[in-house]
file my_file33.txt (compact mmCIF, C-alpha atoms)
# COMPACT_ATOMS: atom_id res chain seq x y z
CA MET A 8 38.63 27.62 -1.49
CA GLU A 9 40.52 25.34 0.84
CA THR A 10 39.23 22.04 2.11
CA LEU A 11 40.67 20.45 5.20
CA VAL A 12 40.64 16.65 5.32
CA MET A 13 41.27 15.26 8.78
CA GLU A 14 42.44 11.69 9.26
CA THR A 15 40.73 10.17 12.28
CA PRO A 16 41.38 6.90 14.09
CA CYS A 17 38.00 5.58 12.96
CA ALA A 18 38.83 5.79 9.28
CA SER A 19 37.09 2.49 8.49
CA GLY A 20 33.90 3.82 10.10
CA SER A 21 33.94 6.97 7.99
CA ARG A 22 34.69 4.90 4.89
CA LYS A 23 31.67 2.74 5.68
CA SER A 24 29.44 5.77 6.10
CA ARG A 25 30.80 7.22 2.85
CA VAL A 26 29.93 3.98 1.02
CA GLY A 27 26.49 4.14 2.68
CA GLY A 28 26.08 7.74 1.51
CA VAL A 29 27.01 6.86 -2.08
CA LEU A 30 24.62 3.87 -2.09
CA THR A 31 21.80 6.03 -0.68
CA LEU A 32 22.45 8.64 -3.37
CA LEU A 33 22.44 5.99 -6.12
CA ALA A 34 19.22 4.52 -4.73
CA LEU A 35 17.55 7.94 -4.68
CA ILE A 36 18.69 8.76 -8.24
CA SER A 37 17.46 5.39 -9.56
CA LEU A 38 14.12 5.84 -7.77
CA MET A 39 13.66 9.30 -9.27
CA ALA A 40 14.51 7.91 -12.72
CA ALA A 41 12.01 5.04 -12.24
CA TYR A 42 9.35 7.54 -11.15
CA ALA A 43 9.95 9.66 -14.26
CA VAL A 44 9.93 6.64 -16.61
CA GLY A 45 6.71 5.30 -15.06
CA PHE A 46 5.09 8.72 -15.31
CA PHE A 47 5.85 9.28 -19.00
CA VAL A 48 5.16 5.73 -20.18
CA GLN A 49 1.69 5.47 -18.58
CA GLY A 50 -1.43 5.84 -20.66
CA ASN A 51 0.09 5.25 -24.09
CA GLU A 52 -1.57 1.88 -24.51
CA SER A 53 -5.10 2.82 -23.46
CA PHE A 54 -6.71 2.79 -26.94
CA GLN A 55 -5.03 -0.50 -27.87
CA THR A 56 -6.31 -2.04 -24.62
CA LEU A 57 -9.81 -0.80 -25.43
CA GLN A 58 -9.75 -2.36 -28.90
CA LYS A 59 -8.50 -5.66 -27.48
CA ALA A 60 -11.35 -5.66 -24.94
CA PHE A 61 -13.95 -5.39 -27.72
CA PRO A 62 -12.74 -7.50 -30.68
CA GLY A 63 -14.66 -7.31 -33.93
CA LYS A 64 -15.83 -3.76 -33.25
CA GLN A 65 -14.74 -0.56 -34.90
CA LEU A 66 -14.37 2.26 -32.41
CA GLU A 67 -14.40 5.92 -33.33
CA THR A 68 -14.08 8.81 -30.94
CA THR A 69 -17.20 10.93 -30.63
CA GLU A 70 -17.08 14.71 -30.81
CA GLY A 71 -13.38 14.76 -30.06
CA SER A 72 -13.90 13.14 -26.66
CA SER A 73 -11.28 10.58 -25.67
CA GLU A 74 -13.78 8.89 -23.34
CA LEU A 75 -16.71 8.31 -25.66
CA TYR A 76 -16.62 6.08 -28.75
CA SER A 77 -19.24 5.09 -31.29
CA VAL A 78 -19.29 1.35 -32.00
CA THR A 79 -19.77 -0.29 -35.39
CA ASP A 80 -19.63 -4.00 -36.16
CA LEU A 81 -16.65 -4.69 -38.42
CA LYS A 82 -18.52 -7.34 -40.48
CA THR A 83 -22.07 -6.01 -40.76
CA HIS A 84 -21.21 -2.28 -40.34
CA ALA A 85 -24.28 -2.06 -38.09
CA ASP A 86 -24.47 0.69 -35.46
CA GLU A 87 -23.93 -0.96 -32.08
CA GLY A 88 -24.20 1.99 -29.75
CA HIS A 89 -21.44 3.52 -27.66
CA ILE A 90 -18.52 2.64 -25.45
CA VAL A 91 -17.72 5.02 -22.65
CA THR A 92 -14.55 4.86 -20.57
CA ARG A 93 -14.29 6.27 -17.09
CA GLU A 94 -11.50 6.51 -14.50
CA THR A 95 -12.06 6.49 -10.74
CA LEU A 96 -9.87 5.77 -7.75
CA GLY A 97 -9.93 2.34 -6.16
CA TRP A 98 -8.09 1.00 -3.13
CA GLY A 99 -4.76 0.62 -4.94
CA GLY A 100 -4.97 3.56 -7.34
CA PRO A 101 -6.79 4.65 -10.51
CA LEU A 102 -8.94 2.14 -12.36
CA THR A 103 -10.56 2.49 -15.78
CA THR A 104 -13.69 0.76 -17.01
CA ALA A 105 -15.15 0.64 -20.50
CA THR A 106 -18.93 0.28 -20.63
CA TRP A 107 -20.51 -0.85 -23.89
CA ILE A 108 -24.03 0.58 -24.24
CA GLY A 109 -26.30 -0.64 -27.03
CA SER A 110 -28.50 1.65 -29.13
CA ASP A 111 -31.40 0.41 -26.97
CA GLU A 112 -29.81 2.24 -24.00
CA ILE A 113 -29.02 -1.06 -22.27
CA ILE A 114 -25.57 -1.93 -20.89
CA ARG A 115 -24.18 -4.82 -22.92
CA GLU A 116 -20.81 -5.36 -21.26
CA VAL A 117 -18.38 -3.85 -18.77
CA ALA A 118 -14.66 -4.34 -19.35
CA VAL A 119 -11.86 -3.30 -16.99
CA LEU A 120 -9.15 -1.60 -19.01
CA SER A 121 -6.74 -1.04 -16.14
CA HIS A 122 -6.69 -1.27 -12.37
CA LYS A 123 -4.22 -1.27 -9.51
CA GLU A 124 -6.19 -3.33 -7.02
CA THR A 125 -4.54 -6.21 -5.18
CA PRO A 126 -4.73 -9.12 -7.68
CA SER A 127 -6.44 -11.49 -5.19
CA PHE A 128 -9.15 -8.87 -4.51
CA PHE A 129 -9.77 -8.32 -8.21
CA GLN A 130 -10.02 -12.07 -8.78
CA HIS A 131 -12.51 -12.17 -5.92
CA LEU A 132 -14.68 -9.62 -7.77
CA GLU A 133 -14.46 -11.52 -11.05
CA GLY A 134 -15.09 -14.85 -9.35
CA ASN A 135 -18.28 -13.51 -7.74
CA GLY A 136 -19.72 -12.31 -11.04
CA PHE A 137 -19.52 -8.65 -9.98
CA PHE A 138 -19.16 -7.20 -13.48
CA GLU A 139 -21.94 -9.36 -14.96
CA GLN A 140 -24.42 -7.55 -12.68
CA PHE A 141 -24.32 -4.50 -14.99
CA THR A 142 -25.24 -6.40 -18.16
CA GLY A 143 -28.86 -5.86 -19.19
CA ARG A 144 -29.42 -2.81 -16.98
CA SER A 145 -30.67 0.50 -18.32
CA ILE A 146 -28.21 3.38 -18.46
CA THR A 147 -30.68 5.49 -16.46
CA ALA A 148 -30.75 2.91 -13.60
CA PRO A 149 -29.27 4.15 -10.29
CA LEU A 150 -26.27 1.73 -10.50
CA THR A 151 -25.33 2.14 -6.85
CA ASN A 152 -24.16 -0.31 -4.23
CA ASP A 153 -27.01 0.74 -1.94
CA GLY A 154 -29.50 -0.15 -4.66
CA ASP A 155 -29.22 -2.37 -7.71
CA ILE A 156 -25.56 -3.45 -7.70
CA ASP A 157 -24.28 -5.73 -4.93
CA ALA A 158 -20.82 -4.96 -3.57
CA VAL A 159 -18.67 -8.05 -3.04
CA SER A 160 -18.00 -8.52 0.64
CA GLY A 161 -14.30 -8.33 1.44
CA ALA A 162 -13.62 -6.09 -1.58
CA THR A 163 -16.08 -3.29 -0.82
CA ILE A 164 -13.87 -0.32 -1.76
CA SER A 165 -13.01 -1.89 -5.12
CA SER A 166 -16.70 -2.72 -5.72
CA VAL A 167 -17.74 0.86 -4.94
CA ALA A 168 -15.03 2.29 -7.22
CA PHE A 169 -15.88 0.06 -10.19
CA THR A 170 -19.59 0.75 -9.75
CA LYS A 171 -18.92 4.50 -9.64
CA ALA A 172 -16.92 4.32 -12.90
CA VAL A 173 -19.71 2.42 -14.71
CA ARG A 174 -22.43 4.68 -13.26
CA GLU A 175 -20.68 7.93 -14.20
CA GLY A 176 -19.96 6.68 -17.71
CA SER A 177 -23.48 5.34 -18.30
CA HIS A 178 -25.20 8.43 -16.92
CA ARG A 179 -23.00 10.63 -19.07
CA VAL A 180 -24.10 8.74 -22.20
CA ALA A 181 -27.72 8.91 -21.00
CA ALA A 182 -27.53 12.68 -20.66
CA GLU A 183 -25.33 13.59 -23.64
CA GLN A 184 -26.41 11.03 -26.27
CA TYR A 185 -30.02 10.27 -25.38
CA GLY A 186 -31.10 13.51 -23.70
CA HIS A 187 -32.18 12.02 -20.36
CA PRO A 188 -32.13 14.55 -17.55
CA MET A 189 -29.61 12.98 -15.16
CA GLU A 190 -29.04 14.58 -11.78
CA LYS A 191 -25.47 15.45 -10.96
CA GLU A 192 -24.13 13.22 -8.24
CA ALA A 193 -23.49 14.91 -4.91
CA GLU A 194 -20.65 13.19 -3.06
CA ALA A 195 -21.86 12.13 0.37
CA TRP A 196 -19.65 11.86 3.45
CA ASN A 197 -19.00 8.25 4.27
CA VAL A 198 -18.25 8.76 7.97
CA GLY A 199 -19.37 6.00 10.32
CA ARG A 200 -18.46 4.24 13.53
CA ASN A 201 -15.17 2.89 12.13
CA GLU A 202 -13.80 6.43 11.81
CA ILE A 203 -14.94 7.25 15.35
CA VAL A 204 -13.31 4.07 16.73
CA LEU A 205 -10.06 4.98 14.95
CA LEU A 206 -10.13 8.46 16.50
CA ILE A 207 -10.63 6.87 19.93
CA VAL A 208 -7.66 4.54 19.30
CA PHE A 209 -5.50 7.57 18.39
CA ALA A 210 -6.64 9.39 21.53
CA VAL A 211 -5.91 6.35 23.75
CA VAL A 212 -2.44 5.86 22.21
CA ILE A 213 -1.47 9.54 22.54
CA GLY A 214 -2.92 9.69 26.07
CA CYS A 215 -1.03 6.57 27.17
CA LEU A 216 2.22 7.89 25.72
CA LEU A 217 1.84 11.29 27.39
CA LEU A 218 0.84 9.75 30.74
CA LYS A 219 3.46 7.01 30.34
CA ARG A 220 0.93 4.20 30.74
CA MET A 221 2.95 1.68 28.77
CA LYS A 222 1.16 -1.35 30.22
CA ALA A 223 -1.87 -0.46 28.10
CA ARG A 224 0.13 -1.11 24.91
CA LEU A 225 -0.67 -4.83 24.67
CA PHE A 226 -4.38 -4.16 25.17
CA VAL A 227 -4.38 -1.53 22.40
CA LEU A 228 -2.42 -3.91 20.14
CA ALA A 229 -4.90 -6.73 20.81
CA PHE A 230 -7.79 -4.42 19.99
CA CYS A 231 -6.07 -3.25 16.78
CA ILE A 232 -5.58 -6.88 15.65
CA LEU A 233 -9.34 -7.21 15.79
CA PHE A 234 -10.21 -3.74 14.50
CA LEU A 235 -7.56 -2.74 11.93
CA GLY A 236 -6.70 -6.34 11.03
CA ILE A 237 -9.63 -8.70 11.12
CA HIS A 238 -12.56 -6.23 10.97
CA MET A 239 -11.23 -3.56 8.60
CA ASN A 240 -8.31 -5.36 6.91
CA ARG A 241 -6.62 -1.95 6.67
CA PRO A 242 -3.13 -2.12 8.15
CA ILE A 243 -0.79 0.52 6.76
CA SER A 244 1.32 -1.08 4.06
CA LEU A 245 3.98 0.11 1.67
CA ALA A 246 1.19 0.39 -0.91
CA SER A 247 -0.63 2.95 1.30
CA LEU A 248 2.50 5.10 1.58
CA ALA A 249 3.52 4.67 -2.07
CA SER A 250 0.08 5.74 -3.27
CA ILE A 251 0.73 9.15 -1.64
CA LEU A 252 3.99 9.46 -3.60
CA LEU A 253 2.15 8.51 -6.80
CA GLY A 254 -0.57 11.05 -6.10
CA TYR A 255 -3.31 8.41 -5.77
CA LEU A 256 -5.18 10.15 -2.98
CA PRO A 257 -8.69 8.81 -2.43
CA SER A 258 -11.58 11.21 -2.07
CA LEU A 259 -11.98 12.57 1.46
CA HIS A 260 -15.74 12.09 1.18
CA SER A 261 -15.70 8.43 0.18
CA GLN A 262 -12.68 7.22 2.15
CA PRO A 263 -12.33 9.32 5.31
CA PHE A 264 -10.92 6.24 7.10
CA TRP A 265 -7.88 6.26 4.80
CA TRP A 266 -7.38 9.98 5.40
CA LEU A 267 -7.56 9.49 9.17
CA LEU A 268 -5.33 6.44 9.28
CA VAL A 269 -2.49 7.06 6.84
CA PRO A 270 -1.87 10.84 7.01
CA GLY A 271 -2.98 10.68 10.70
CA VAL A 272 -0.27 8.15 11.61
CA LEU A 273 2.36 10.05 9.59
CA LEU A 274 1.45 13.30 11.34
CA ILE A 275 1.39 11.83 14.87
CA THR A 276 4.71 10.03 14.26
CA THR A 277 6.36 13.23 13.05
CA LEU A 278 4.95 15.49 15.79
CA MET A 279 5.54 13.08 18.68
CA GLY A 280 8.88 11.82 17.38
CA LYS A 281 7.74 8.27 18.19
CA ASN A 282 6.78 5.37 15.98
CA VAL A 283 3.32 5.03 17.49
CA TYR A 284 1.91 2.80 14.75
CA CYS A 285 4.34 -0.14 14.82
CA TYR A 286 4.42 -0.54 18.60
CA TRP A 287 0.84 0.38 19.47
CA MET A 288 -1.38 -0.19 16.46
CA CYS A 289 0.04 -2.51 13.79
CA PRO A 290 -2.10 -5.67 13.74
CA PHE A 291 0.65 -7.77 12.20
CA GLY A 292 3.16 -6.48 14.76
CA GLY A 293 0.64 -7.35 17.48
CA MET A 294 0.18 -10.87 16.13
CA GLN A 295 3.93 -11.37 16.18
CA GLU A 296 4.21 -10.14 19.78
CA PHE A 297 1.50 -12.54 20.90
CA ALA A 298 3.15 -15.35 18.90
CA THR A 299 6.40 -14.73 20.82
CA LYS A 300 4.49 -14.81 24.10
CA ILE A 301 2.76 -18.07 23.14
CA GLY A 302 6.05 -19.55 21.88
CA GLY A 303 7.71 -18.78 25.20
CA VAL A 304 11.14 -18.81 23.52
CA SER A 305 13.02 -15.66 22.69
CA PHE A 306 16.16 -16.30 20.69
CA ARG A 307 19.13 -14.11 21.56
CA LEU A 308 20.88 -13.74 18.26
CA ASN A 309 24.59 -13.21 17.71
CA LYS A 310 25.34 -9.67 16.54
CA LYS A 311 27.09 -11.15 13.53
CA VAL A 312 23.76 -12.51 12.30
CA THR A 313 21.69 -9.40 13.00
CA GLY A 314 24.44 -7.09 11.73
CA ALA A 315 24.70 -8.97 8.44
CA ILE A 316 21.01 -8.74 7.69
CA LYS A 317 19.90 -5.44 9.23
CA HIS A 318 20.38 -3.44 6.02
CA LEU A 319 18.59 -5.96 3.82
CA VAL A 320 15.23 -4.27 4.41
CA TYR A 321 16.56 -1.16 2.62
CA LEU A 322 17.34 -3.31 -0.43
CA PHE A 323 13.79 -4.73 -0.36
CA LEU A 324 12.34 -1.25 0.10
CA TRP A 325 14.33 -0.01 -2.88
CA MET A 326 13.28 -2.99 -5.03
CA ALA A 327 9.62 -2.58 -4.06
CA LEU A 328 9.64 1.17 -4.78
CA MET A 329 11.37 0.63 -8.14
CA ILE A 330 8.63 -1.82 -9.15
CA ILE A 331 5.90 0.50 -7.84
CA PHE A 332 7.28 3.60 -9.59
CA LEU A 333 7.97 1.84 -12.90
CA THR A 334 4.54 0.21 -13.05
CA ARG A 335 2.80 3.06 -11.18
CA ASN A 336 1.01 0.28 -9.32
CA PRO A 337 1.41 0.19 -5.50
CA ALA A 338 -0.02 -3.35 -5.29
CA MET A 339 2.80 -4.70 -7.50
CA GLY A 340 5.65 -3.96 -5.15
CA ALA A 341 4.05 -4.25 -1.74
CA TYR A 342 5.47 -7.56 -0.56
CA GLU A 343 4.04 -7.50 2.95
CA PRO A 344 1.90 -10.45 4.02
CA PHE A 345 -0.76 -8.33 5.83
CA ALA A 346 -3.41 -8.41 3.11
CA THR A 347 -3.11 -12.18 2.68
CA LEU A 348 -3.39 -12.83 6.41
CA PHE A 349 -6.34 -10.58 7.19
CA SER A 350 -8.32 -11.11 3.99
CA LEU A 351 -7.51 -14.85 3.91
CA ARG A 352 -6.82 -14.46 0.19
CA GLY A 353 -3.48 -14.75 -1.54
CA SER A 354 -1.22 -16.82 -3.75
CA GLY A 355 0.76 -19.84 -2.58
CA ILE A 356 3.96 -17.85 -2.15
CA GLN A 357 2.15 -15.17 -0.12
CA TRP A 358 0.68 -17.79 2.20
CA THR A 359 4.13 -19.35 2.65
CA LEU A 360 5.50 -15.90 3.47
CA VAL A 361 2.81 -15.36 6.13
CA THR A 362 3.43 -18.80 7.62
CA VAL A 363 7.22 -18.42 7.81
CA ALA A 364 6.96 -14.84 9.14
CA LEU A 365 4.59 -15.93 11.92
CA ALA A 366 6.55 -19.13 12.63
CA GLY A 367 9.69 -17.00 12.96
CA SER A 368 7.90 -14.75 15.46
CA PHE A 369 7.35 -17.72 17.80
CA LEU A 370 11.13 -17.87 18.16
CA ILE A 371 12.40 -14.36 17.39
CA PRO A 372 10.47 -11.35 18.78
CA ARG A 373 8.93 -9.23 15.99
CA PHE A 374 10.72 -11.33 13.37
CA TRP A 375 9.08 -9.60 10.38
CA CYS A 376 9.31 -6.09 11.88
CA ARG A 377 12.99 -6.43 12.79
CA PHE A 378 14.28 -7.62 9.46
CA PHE A 379 11.77 -7.14 6.66
CA CYS A 380 9.10 -4.49 7.27
CA PRO A 381 9.39 -1.51 4.87
CA VAL A 382 6.69 0.47 6.73
CA GLY A 383 8.63 0.17 9.98
CA VAL A 384 11.77 1.54 8.31
CA ILE A 385 9.89 4.56 6.94
CA LEU A 386 8.05 5.30 10.20
CA ASN A 387 11.22 4.91 12.31
CA ARG A 388 13.02 7.38 10.03
CA LEU A 389 10.11 9.78 10.32
CA ALA A 390 10.10 9.46 14.11
CA ARG A 391 13.82 10.30 14.20
CA LEU A 392 13.20 13.44 12.17
CA LYS A 393 12.04 15.41 15.22
CA LYS A 394 15.09 14.37 17.22
CA SER A 395 17.53 15.25 14.44
CA ILE A 396 15.86 18.64 13.87
CA LYS A 397 16.04 19.33 17.61
CA LYS A 398 19.69 18.25 17.63
CA LYS A 399 20.54 20.53 14.72
CA LEU A 400 18.71 23.46 16.29
CA GLY A 401 20.43 22.71 19.60
CA SER A 402 23.86 22.68 17.98
CA LEU A 403 23.17 26.11 16.47
CA SER A 404 22.53 27.73 19.86
CA PRO A 405 25.50 27.68 22.30
CA ARG A 406 24.85 25.74 25.52
CA PRO A 407 26.39 26.37 28.91
CA LYS A 408 29.40 24.10 29.64
CA GLU A 409 27.80 22.39 32.67
CA ALA A 410 24.78 21.37 30.67
CA LEU A 411 26.95 19.44 28.21
CA HIS A 412 27.60 16.76 30.84
CA GLU A 413 23.92 16.00 31.24
CA ASP A 414 23.84 14.03 27.98
CA MET B 25 41.85 -15.32 19.71
CA LYS B 26 38.48 -16.95 19.14
CA THR B 27 36.05 -16.21 21.96
CA LYS B 28 32.78 -17.89 22.81
CA THR B 29 30.75 -14.90 21.60
CA ASP B 30 32.17 -15.33 18.07
CA GLU B 31 30.65 -18.75 17.69
CA LEU B 32 27.16 -19.15 16.34
CA SER B 33 24.71 -21.02 18.55
CA TRP B 34 21.99 -23.43 17.39
CA GLN B 35 19.55 -20.54 17.78
CA ASP B 36 21.60 -18.47 15.33
CA HIS B 37 21.58 -21.33 12.84
CA ILE B 38 17.79 -21.64 12.99
CA ALA B 39 17.50 -17.87 12.62
CA ILE B 40 19.80 -17.91 9.57
CA ALA B 41 17.71 -20.67 7.98
CA LEU B 42 14.52 -18.68 8.59
CA LEU B 43 16.07 -15.47 7.29
CA VAL B 44 17.34 -17.15 4.11
CA LEU B 45 13.90 -18.68 3.57
CA MET B 46 12.25 -15.27 4.03
CA VAL B 47 14.65 -13.61 1.58
CA GLY B 48 13.84 -16.29 -1.00
CA LEU B 49 10.12 -15.88 -0.46
CA ILE B 50 10.21 -12.08 -0.72
CA LEU B 51 12.24 -12.28 -3.94
CA GLY B 52 9.80 -14.92 -5.15
CA SER B 53 6.82 -12.68 -4.41
CA PHE B 54 8.46 -9.86 -6.41
CA TYR B 55 8.97 -12.32 -9.27
CA THR B 56 5.36 -13.52 -9.23
CA ALA B 57 4.09 -9.94 -9.02
CA ILE B 58 6.03 -8.88 -12.11
CA PHE B 59 5.71 -11.99 -14.33
call {"tool": "encode", "arguments": {"input": "my_file33.txt", "output": "structure tokens"}}
result
Amino acid sequence: METLVMETPCASGSRKSRVGGVLTLLALISLMAAYAVGFFVQGNESFQTLQKAFPGKQLETTEGSSELYSVTDLKTHADEGHIVTRETLGWGGPLTTATWIGSDEIIREVAVLSHKETPSFFQHLEGNGFFEQFTGRSITAPLTNDGDIDAVSGATISSVAFTKAVREGSHRVAAEQYGHPMEKEAEAWNVGRNEIVLLIVFAVVIGCLLLKRMKARLFVLAFCILFLGIHMNRPISLASLASILLGYLPSLHSQPFWWLLVPGVLLITTLMGKNVYCYWMCPFGGMQEFATKIGGVSFRLNKKVTGAIKHLVYLFLWMALMIIFLTRNPAMGAYEPFATLFSLRGSGIQWTLVTVALAGSFLIPRFWCRFFCPVGVILNRLARLKKSIKKKLGSLSPRPKEALHED
Amino acid sequence: MKTKTDELSWQDHIAIALLVLMVGLILGSFYTAIF
């Protein structure tokens, strides 16, 4: 087979794109390797974690089940009931609880063996005594957030998920070990006005784009700051997209909002070939746009500066995905300041990041979006997909010569 | 020949300072997340 290599005047350009191609390939290979490593390493430490959570107790699996253990005191050898572990899906991914149930059918303690919730949200639960609420309750109690267990405001999804794990575990022990007739839980649809409002936002955005009513964009953005940002605290983040890659898909019944927002935005972006989310809906993008308007200054940067830094976001995206895949924890790598800003909870470094990102937006339009946002990069690529498919299809079918000049 | 467009303005210098600060903070947030 013969290969023709043509020397062109823009050899440096092709060399650059070749280097870019090699780097992209290396990044993809390393990400696949990290994904595989994370996948095979997970779960090996679960029993050790369980033993550490309950020191001084001897745990033995019951009837070959890896979720149910009988508990004996190491010193007195007294029977101390059961420990049941249960996994459910939280906001960030799977979480596992271990519920210690005494022989008197009363919950003694709830321990969290693993979770992938945003650390500040989890600390919020612990700080509000969420897990202590279960202690002393009967295993046949309803254990629901509508009834006897209070969800912590601002971390509702995590509260619901942890409660579900404890409830399912306790009710299983009640039915299997103590013969209580427990009704099987029917999963109810959790559809409310938030889902309807989101559908209306989608309809308005698509309608405005089709009718070319671009002046409405700032109004929609302002509304989304209030709705997706302040009210819901649910902007799309790298964690939302990475959880799809990790297979952490929440139940459609319990989290229809997630299903509407994340796959909905991905679908609309792909079908319309436009990044509708960043420019019309992103609350953090909206806050930056309004900051620029308030600032009244709009720096015009030298191309040398923007050119030097424009690829940096790919490096951050790669680093974040490597961390997420290796730890199989989307909250670990998501470096965006959205959650800190809208939940008003975060570490010192996260608050500094929010402050500098917003301060930068007073001077440079969409400062965060332009240089650092991993979600923007992914959605822009997705939006270009339609154009590149069209282009490829167009190049396959011959066009009349006159039409070529129209481009 | 050096033209005016090659030179960095005061706006560029502020932008560079902000960008460097942001890079440091993002790397710092990765560090705090892992360790």
call {"tool": "closest_residue", "arguments": {"input": "my_file33.txt", "among": "A:Ala364, A:Leu252, A:Ile113, A:Leu216", "to": "Leu43 of chain B", "atoms": "all atoms listed in the file"}}
result
A:Ala364
call {"tool": "residues_around", "arguments": {"input": "my_file33.txt", "residues": "segment 380-396 of chain A", "least_positions_apart": "5", "cutoff": "8 Å", "atoms": "only C-alpha atoms", "output": "list of chain:residue names"}}
result
A:Ile243, A:Ser244, A:Leu245, A:Leu273, A:Thr276, A:Thr277, A:Leu278, A:Met279, A:Gly280, A:Lys281, A:Asn282, A:Cys285, A:Val320, A:Tyr321, A:Phe323, A:Leu324, A:Glu343, A:Trp375
call {"tool": "residues_around", "arguments": {"input": "my_file33.txt", "residues": "Arg373 of chain A", "least_positions_apart": "2", "cutoff": "10 Å", "atoms": "all atoms listed in the file", "output": "list of chain:residue names"}}
result
A:Phe291, A:Gly292, A:Gly293, A:Met294, A:Gln295, A:Glu296, A:Phe297, A:Ala298, A:Thr299, A:Ala364, A:Leu365, A:Gly367, A:Ser368, A:Phe369, A:Leu370, A:Ile371, A:Trp375, A:Cys376, A:Arg377, A:Phe378, A:Phe379, A:Cys380
call {"tool": "atom_distance", "arguments": {"input": "my_file33.txt", "atom1": "atom CA of Thr104 of chain A", "atom2": "atom CA of Ala246 of chain A"}}
result
21.9 Å
call {"tool": "closest_residue", "arguments": {"input": "my_file33.txt", "among": "A:His318, A:Lys59, A:Arg220, A:Lys311", "to": "chain B", "atoms": "all atoms listed in the file"}}
result
A:Lys311
call {"tool": "closest_residue", "arguments": {"input": "my_file33.txt", "among": "A:Phe349, A:Trp196, A:Phe137, A:Trp107", "to": "Ser258 of chain A", "atoms": "only C-alpha atoms"}}
result
A:Trp196
call {"tool": "interface_residues", "arguments": {"input": "my_file33.txt", "of": "chain B", "to": "chain A", "cutoff": "9 Å", "atoms": "only C-alpha atoms", "output": "ChimeraX atom specification"}}
result
/B:29-33,35-36,39-40,42-43,45-47,49-54,56-58
call {"tool": "atom_distance", "arguments": {"input": "my_file33.txt", "atom1": "atom CA of Pro101 of chain A", "atom2": "atom CA of Glu175 of chain A"}}
result
14.7 Å
call {"tool": "residues_around", "arguments": {"input": "my_file33.txt", "residues": "Arg241 of chain A", "least_positions_apart": "4", "cutoff": "12 Å", "atoms": "all atoms listed in the file", "output": "ChimeraX atom specification"}}
result
/A:98,161-162,164,201,205,231-237,245-247,262,264-265,267-269,288-291,345-350
